[in-house]
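Here is the structure we will look at.
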Amino acid sequence: MKWSDWDINLKVRLIGEGTFNLLFWMFFPFMAIYFSNHFGQETAGLLLILSQFIGTVIGLFGGYCADHFGRKKMMVFSGAGQAVCFIFFALANSPWMESPFLTFISFSLLGLFGQLYWPASSAMIADVVPEKHRPGVFAIFYTSINISVVIGPLLGGFFFFKHRFALLVACTIVSFILLQALRVWIHETVPQSAAACKKENGSSGWISFLKNQFRDYGVILRDRIFLLYILAGVLVAQTFMQLDMLIAVYTSDKVPDQTLLSFDGWSFTASGHQLFSLMVSMNGLCVALFTVLVTKWMARYREGGVFMISSLCYGVAMILMGSTVNAWLLLFGIVLFSWAELMTVGVQDSFVAKLSPPELRGQYFATSGLRFSLGRTIAPIAIPMTVWFGYPATFIILAAVAFLGMMLYGVLFAMFYRREKVSLASKNV
């Protein structure tokens with residue numbers, strides 16, 4: 001699908017969100033380190049679990065609202081909330097005050113508004129892009145994020161620890177600019193079927209709102225294939241969510257300063273913090289460079305095999321990284337980790353769009369987001385686990401969880417292919 005054929009919504013969002021994501025990734029990977037330093041590893045893990053749990057619940061409301069009140073309304077509302085949160089985030093790290101508690105509150109609320117934004121954003125792409133082009137468009141948006149992941153942590157390794165206030169002021173300004181762009185330039189895309197459903201069920205009051213929401217999610221949760229998809233995704237998420245949690249803390253705590261390159265008296269030595277920034281950037285670089293290419297490659301294969309091999313690679317990468325402090329082996333582990341991510345980038349949202357009816361698309365995307373939001377809710381438990389069991393055992397446990405997710409993918413896709421076969425046979429009758 002050519003750029004000239006893209007809906008104006010997609011063009012505006014790709015540019016605006018790309019700029020915002022660059023600044024976001026200049027501080028996000030370092031937050032686990034920040035909270036661990038200020039609150040201790042056990043408390044930091046529990047606080048992150050709490051904030052992610054609340055975000056998971058809010059995200060489900062976001063999917064319902066995206067279907068019933070409109071994609072644009074929810075994106076503008078969420079953008080306004082994020083802009084206000086950045087004001088307090090910057091204030092908590094300003095020359096006038098330093099408040100880890102206010103930082104935690106602001107960071108958590110940013111996550112909540114992000115959970116409201118994401119279902120509407122994904123549903124909007126599915127609304128305006130034909131089915132055959134969706135994997136490619138989703139892959140381009142994912143590539144945009146990972147270009148930010150390449151550059152952001154490298155810059156953030158300097159700005160976050162030395163010029164945090166200036167960084168957060170820049171985030172505040174960009175978030176207000178993005179909010180204005182969303183208000184002025186994008187248009188509503190909610191399908192007519194969803195709009196009609198909203199009108200039909202538009203009785204006022206919170207009780208009616210909740211009843212309608214639970215009714216819609218009840219329909220979704222009776223889809224056993226989709227439920228297994230979410231459960232398997234939550235399990236596998238325990239590995240890839242650790243890039244900015246367990247892996248961040250492990251490299252800063254256990255990995256010693258090491259010389260990575262040396263030549264004729266010149267050498268490049270990296271500390272644990274710097275190696276972590278390099279690992280995050282390498283992950284982003286791999287995804288940014290190869291997302292579209294690998295998405296086209298993976299489109300040749302059945303989804304089930306792609307998801308299973310990806311889960312296997314995640315597990316192996318975790319075992320490798322947890323068993324060494326050698327910088328080059330850790331970098332190899334992150335490359336394998338990135339390959340696992342690349343395999344499913346374009347496939348996962350396209351698969352959700354294939355499963356979801358248009359009138360429930362926002363809620364299907366919101367529910368599928370449980371793979372990440374619920375996964376991220378549970379993932380911080382890995383930080384206190386390092387105190388209880390030690391680093392090597394924690395990495396092995398997480399790898400075993402990924403392998404369990406791989407087996408669930410095998411079960412759910414066997415069911416999915418049987419359902420597709422029955423559906424095809426009934427159409428041919």
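Residue names in the structure tokens use chain letters A, B, ... in the order shown, residue numbers from 1 in each chain, and ligand numbers from 1 in the order shown.
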Report as a tab-separated table the residues of stretch 260-336 of chain A within 10 Å of stretch 414-419 of chain A, each with its shortest atom pair and distance in Å (one decimal), using only C-alpha atoms, ordered by chain and increasing residue number.
```
residue	atom	partner	partner_atom	distance
A:Arg302	CA	A:Tyr417	CA	9.6
A:Glu303	CA	A:Tyr417	CA	9.9
A:Gly304	CA	A:Ala414	CA	7.9
```
Problem - Residues near A:Leu91, cut-off 12 Å, only C-alpha atoms, skip fewer than 2 positions along chain, as a ChimeraX atom specification - result: /A:84-89,93-103,106,164-169,172
Exercise for the section: Can you work out which one of A:Ile186, A:Val306, A:Val76, A:Ala181 has the shortest atom-to-atom distance to A:Tyr409, counting only C-alpha atoms? Expected result: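 Using only C-alpha atoms, A:Tyr409 sits closest to A:Val306.
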Problem - Those in stretch 197-346 of chain A with strand (DSSP E) from DSSP, as a PyMOL selection string - result: chain A and resi 258-263+266-270
Using only C-alpha atoms, I'd like a table of the residues in stretch 26-78 of chain A that come within 10 Å of stretch 233-256 of chain A; for each, show the closest atom pair and its distance in Å rounded to one decimal, ordered by chain and ascending number, as CSV.
```
residue,atom,partner,partner_atom,distance
A:Phe28,CA,A:Asp244,CA,7.8
A:Pro29,CA,A:Asp244,CA,4.8
A:Phe30,CA,A:Asp244,CA,7.0
A:Met31,CA,A:Asp244,CA,7.9
A:Ala32,CA,A:Met245,CA,5.6
A:Ile33,CA,A:Val249,CA,6.1
A:Tyr34,CA,A:Val249,CA,9.8
A:Ser36,CA,A:Val249,CA,8.1
A:Asn37,CA,A:Val249,CA,9.9
A:Gln41,CA,A:Val249,CA,8.8
A:Gly45,CA,A:Met245,CA,8.9
A:Leu48,CA,A:Met245,CA,9.9
```
Practice task
Have a look at atom CA of A:Met74 and atom CA of A:Tyr117 and let me know their distance in Å, one decimal.
Solution key: 6.4 Å
Write out as a PDB file with N, CA, C and O atoms, in the first residue's frame the residues lying within 12 Å of A:Leu320, counting only C-alpha atoms and excluding same-chain residues fewer than 3 positions away.
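What ended up in around-v3.pdb:
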```pdb
ATOM      1  N   ILE A 247      15.983  -7.350  32.802  1.00  0.00           N
ATOM      2  CA  ILE A 247      17.242  -7.208  32.075  1.00  0.00           C
ATOM      3  C   ILE A 247      17.904  -5.879  32.423  1.00  0.00           C
ATOM      4  O   ILE A 247      19.131  -5.796  32.555  1.00  0.00           O
ATOM      5  N   CYS A 313      12.087 -19.082  20.722  1.00  0.00           N
ATOM      6  CA  CYS A 313      13.255 -18.200  20.670  1.00  0.00           C
ATOM      7  C   CYS A 313      13.326 -17.292  21.889  1.00  0.00           C
ATOM      8  O   CYS A 313      14.416 -17.035  22.420  1.00  0.00           O
ATOM      9  N   TYR A 314      12.176 -16.796  22.343  1.00  0.00           N
ATOM     10  CA  TYR A 314      12.156 -15.970  23.561  1.00  0.00           C
ATOM     11  C   TYR A 314      12.716 -16.747  24.754  1.00  0.00           C
ATOM     12  O   TYR A 314      13.535 -16.244  25.527  1.00  0.00           O
ATOM     13  N   GLY A 315      12.263 -17.986  24.912  1.00  0.00           N
ATOM     14  CA  GLY A 315      12.717 -18.794  26.035  1.00  0.00           C
ATOM     15  C   GLY A 315      14.207 -19.063  25.998  1.00  0.00           C
ATOM     16  O   GLY A 315      14.905 -18.947  27.018  1.00  0.00           O
ATOM     17  N   VAL A 316      14.715 -19.416  24.816  1.00  0.00           N
ATOM     18  CA  VAL A 316      16.154 -19.689  24.674  1.00  0.00           C
ATOM     19  C   VAL A 316      16.961 -18.420  24.964  1.00  0.00           C
ATOM     20  O   VAL A 316      18.004 -18.470  25.627  1.00  0.00           O
ATOM     21  N   ALA A 317      16.489 -17.267  24.481  1.00  0.00           N
ATOM     22  CA  ALA A 317      17.191 -16.003  24.716  1.00  0.00           C
ATOM     23  C   ALA A 317      17.272 -15.686  26.209  1.00  0.00           C
ATOM     24  O   ALA A 317      18.310 -15.221  26.701  1.00  0.00           O
ATOM     25  N   SER A 323      22.467 -16.584  32.012  1.00  0.00           N
ATOM     26  CA  SER A 323      23.576 -17.467  32.390  1.00  0.00           C
ATOM     27  C   SER A 323      24.950 -16.860  32.110  1.00  0.00           C
ATOM     28  O   SER A 323      25.963 -17.553  32.195  1.00  0.00           O
ATOM     29  N   THR A 324      24.991 -15.549  31.774  1.00  0.00           N
ATOM     30  CA  THR A 324      26.286 -14.942  31.452  1.00  0.00           C
ATOM     31  C   THR A 324      26.312 -13.475  31.857  1.00  0.00           C
ATOM     32  O   THR A 324      25.255 -12.838  31.974  1.00  0.00           O
ATOM     33  N   VAL A 325      27.515 -12.955  32.073  1.00  0.00           N
ATOM     34  CA  VAL A 325      27.711 -11.512  32.234  1.00  0.00           C
ATOM     35  C   VAL A 325      28.631 -10.988  31.131  1.00  0.00           C
ATOM     36  O   VAL A 325      29.036  -9.825  31.146  1.00  0.00           O
ATOM     37  N   ASN A 326      28.959 -11.843  30.169  1.00  0.00           N
ATOM     38  CA  ASN A 326      29.798 -11.451  29.041  1.00  0.00           C
ATOM     39  C   ASN A 326      29.008 -10.530  28.110  1.00  0.00           C
ATOM     40  O   ASN A 326      27.912 -10.879  27.657  1.00  0.00           O
ATOM     41  N   ALA A 327      29.552  -9.381  27.806  1.00  0.00           N
ATOM     42  CA  ALA A 327      28.825  -8.375  27.022  1.00  0.00           C
ATOM     43  C   ALA A 327      28.437  -8.887  25.647  1.00  0.00           C
ATOM     44  O   ALA A 327      27.313  -8.657  25.178  1.00  0.00           O
ATOM     45  N   TRP A 328      29.344  -9.602  24.971  1.00  0.00           N
ATOM     46  CA  TRP A 328      29.048 -10.054  23.614  1.00  0.00           C
ATOM     47  C   TRP A 328      27.989 -11.147  23.604  1.00  0.00           C
ATOM     48  O   TRP A 328      27.143 -11.191  22.692  1.00  0.00           O
ATOM     49  N   LEU A 329      27.994 -12.020  24.617  1.00  0.00           N
ATOM     50  CA  LEU A 329      26.938 -13.033  24.694  1.00  0.00           C
ATOM     51  C   LEU A 329      25.586 -12.393  25.014  1.00  0.00           C
ATOM     52  O   LEU A 329      24.548 -12.822  24.500  1.00  0.00           O
ATOM     53  N   LEU A 330      25.597 -11.359  25.842  1.00  0.00           N
ATOM     54  CA  LEU A 330      24.349 -10.647  26.131  1.00  0.00           C
ATOM     55  C   LEU A 330      23.812  -9.961  24.878  1.00  0.00           C
ATOM     56  O   LEU A 330      22.602  -9.952  24.625  1.00  0.00           O
ATOM     57  N   LEU A 331      24.706  -9.397  24.076  1.00  0.00           N
ATOM     58  CA  LEU A 331      24.275  -8.769  22.830  1.00  0.00           C
ATOM     59  C   LEU A 331      23.746  -9.804  21.841  1.00  0.00           C
ATOM     60  O   LEU A 331      22.768  -9.555  21.124  1.00  0.00           O
ATOM     61  N   PHE A 332      24.357 -10.990  21.807  1.00  0.00           N
ATOM     62  CA  PHE A 332      23.830 -12.062  20.953  1.00  0.00           C
ATOM     63  C   PHE A 332      22.451 -12.492  21.444  1.00  0.00           C
ATOM     64  O   PHE A 332      21.541 -12.748  20.649  1.00  0.00           O
ATOM     65  N   GLY A 333      22.302 -12.560  22.778  1.00  0.00           N
ATOM     66  CA  GLY A 333      21.005 -12.928  23.329  1.00  0.00           C
ATOM     67  C   GLY A 333      19.927 -11.930  22.944  1.00  0.00           C
ATOM     68  O   GLY A 333      18.790 -12.315  22.641  1.00  0.00           O
ATOM     69  N   ILE A 334      20.263 -10.646  22.907  1.00  0.00           N
ATOM     70  CA  ILE A 334      19.260  -9.640  22.551  1.00  0.00           C
ATOM     71  C   ILE A 334      18.924  -9.711  21.068  1.00  0.00           C
ATOM     72  O   ILE A 334      17.802  -9.370  20.652  1.00  0.00           O
ATOM     73  N   VAL A 335      19.860 -10.154  20.242  1.00  0.00           N
ATOM     74  CA  VAL A 335      19.556 -10.349  18.817  1.00  0.00           C
ATOM     75  C   VAL A 335      18.544 -11.489  18.651  1.00  0.00           C
ATOM     76  O   VAL A 335      17.577 -11.376  17.878  1.00  0.00           O
ATOM     77  N   LEU A 336      18.747 -12.595  19.374  1.00  0.00           N
ATOM     78  CA  LEU A 336      17.788 -13.704  19.329  1.00  0.00           C
ATOM     79  C   LEU A 336      16.437 -13.257  19.877  1.00  0.00           C
ATOM     80  O   LEU A 336      15.374 -13.603  19.338  1.00  0.00           O
ATOM     81  N   PHE A 337      16.465 -12.497  20.943  1.00  0.00           N
ATOM     82  CA  PHE A 337      15.266 -11.909  21.547  1.00  0.00           C
ATOM     83  C   PHE A 337      14.516 -11.059  20.500  1.00  0.00           C
ATOM     84  O   PHE A 337      13.290 -11.125  20.373  1.00  0.00           O
ATOM     85  N   PRO A 392      19.935 -16.288  38.044  1.00  0.00           N
ATOM     86  CA  PRO A 392      19.863 -17.420  37.102  1.00  0.00           C
ATOM     87  C   PRO A 392      18.537 -18.168  37.165  1.00  0.00           C
ATOM     88  O   PRO A 392      17.932 -18.479  36.130  1.00  0.00           O
ATOM     89  N   PHE A 395      15.627 -16.185  35.502  1.00  0.00           N
ATOM     90  CA  PHE A 395      15.642 -16.263  34.030  1.00  0.00           C
ATOM     91  C   PHE A 395      15.135 -17.624  33.543  1.00  0.00           C
ATOM     92  O   PHE A 395      14.411 -17.692  32.545  1.00  0.00           O
ATOM     93  N   ILE A 396      15.499 -18.695  34.243  1.00  0.00           N
ATOM     94  CA  ILE A 396      15.057 -20.041  33.832  1.00  0.00           C
ATOM     95  C   ILE A 396      13.548 -20.184  34.014  1.00  0.00           C
ATOM     96  O   ILE A 396      12.858 -20.764  33.160  1.00  0.00           O
ATOM     97  N   LEU A 398      11.315 -17.835  33.842  1.00  0.00           N
ATOM     98  CA  LEU A 398      10.664 -17.069  32.772  1.00  0.00           C
ATOM     99  C   LEU A 398      10.742 -17.799  31.436  1.00  0.00           C
ATOM    100  O   LEU A 398       9.795 -17.765  30.635  1.00  0.00           O
ATOM    101  N   ALA A 399      11.855 -18.472  31.183  1.00  0.00           N
ATOM    102  CA  ALA A 399      11.972 -19.259  29.950  1.00  0.00           C
ATOM    103  C   ALA A 399      10.946 -20.391  29.942  1.00  0.00           C
ATOM    104  O   ALA A 399      10.310 -20.668  28.911  1.00  0.00           O
TER     105      ALA A 399
END
```
Handout entry: Option closest in space to A:Gly79, from A:Lys162, A:Lys11, A:Arg222, A:Arg183 [counting only C-alpha atoms]
Key =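 Once distances to A:Gly79 are computed over only C-alpha atoms, the minimum belongs to A:Arg183.
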Problem - Selected residue, from A:Thr394, A:Glu420, A:Met343, A:Ser310, that lies nearest to A:Met406 when counting only C-alpha atoms - result: A:Ser310
Exercise for the section: Give the answer as one residue: which of A:Ala66, A:Leu50, A:Leu109, A:Leu278 has the shortest atom-to-atom distance to A:Gly81, using only C-alpha atoms? Expected result: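 Closest candidate: A:Leu109.
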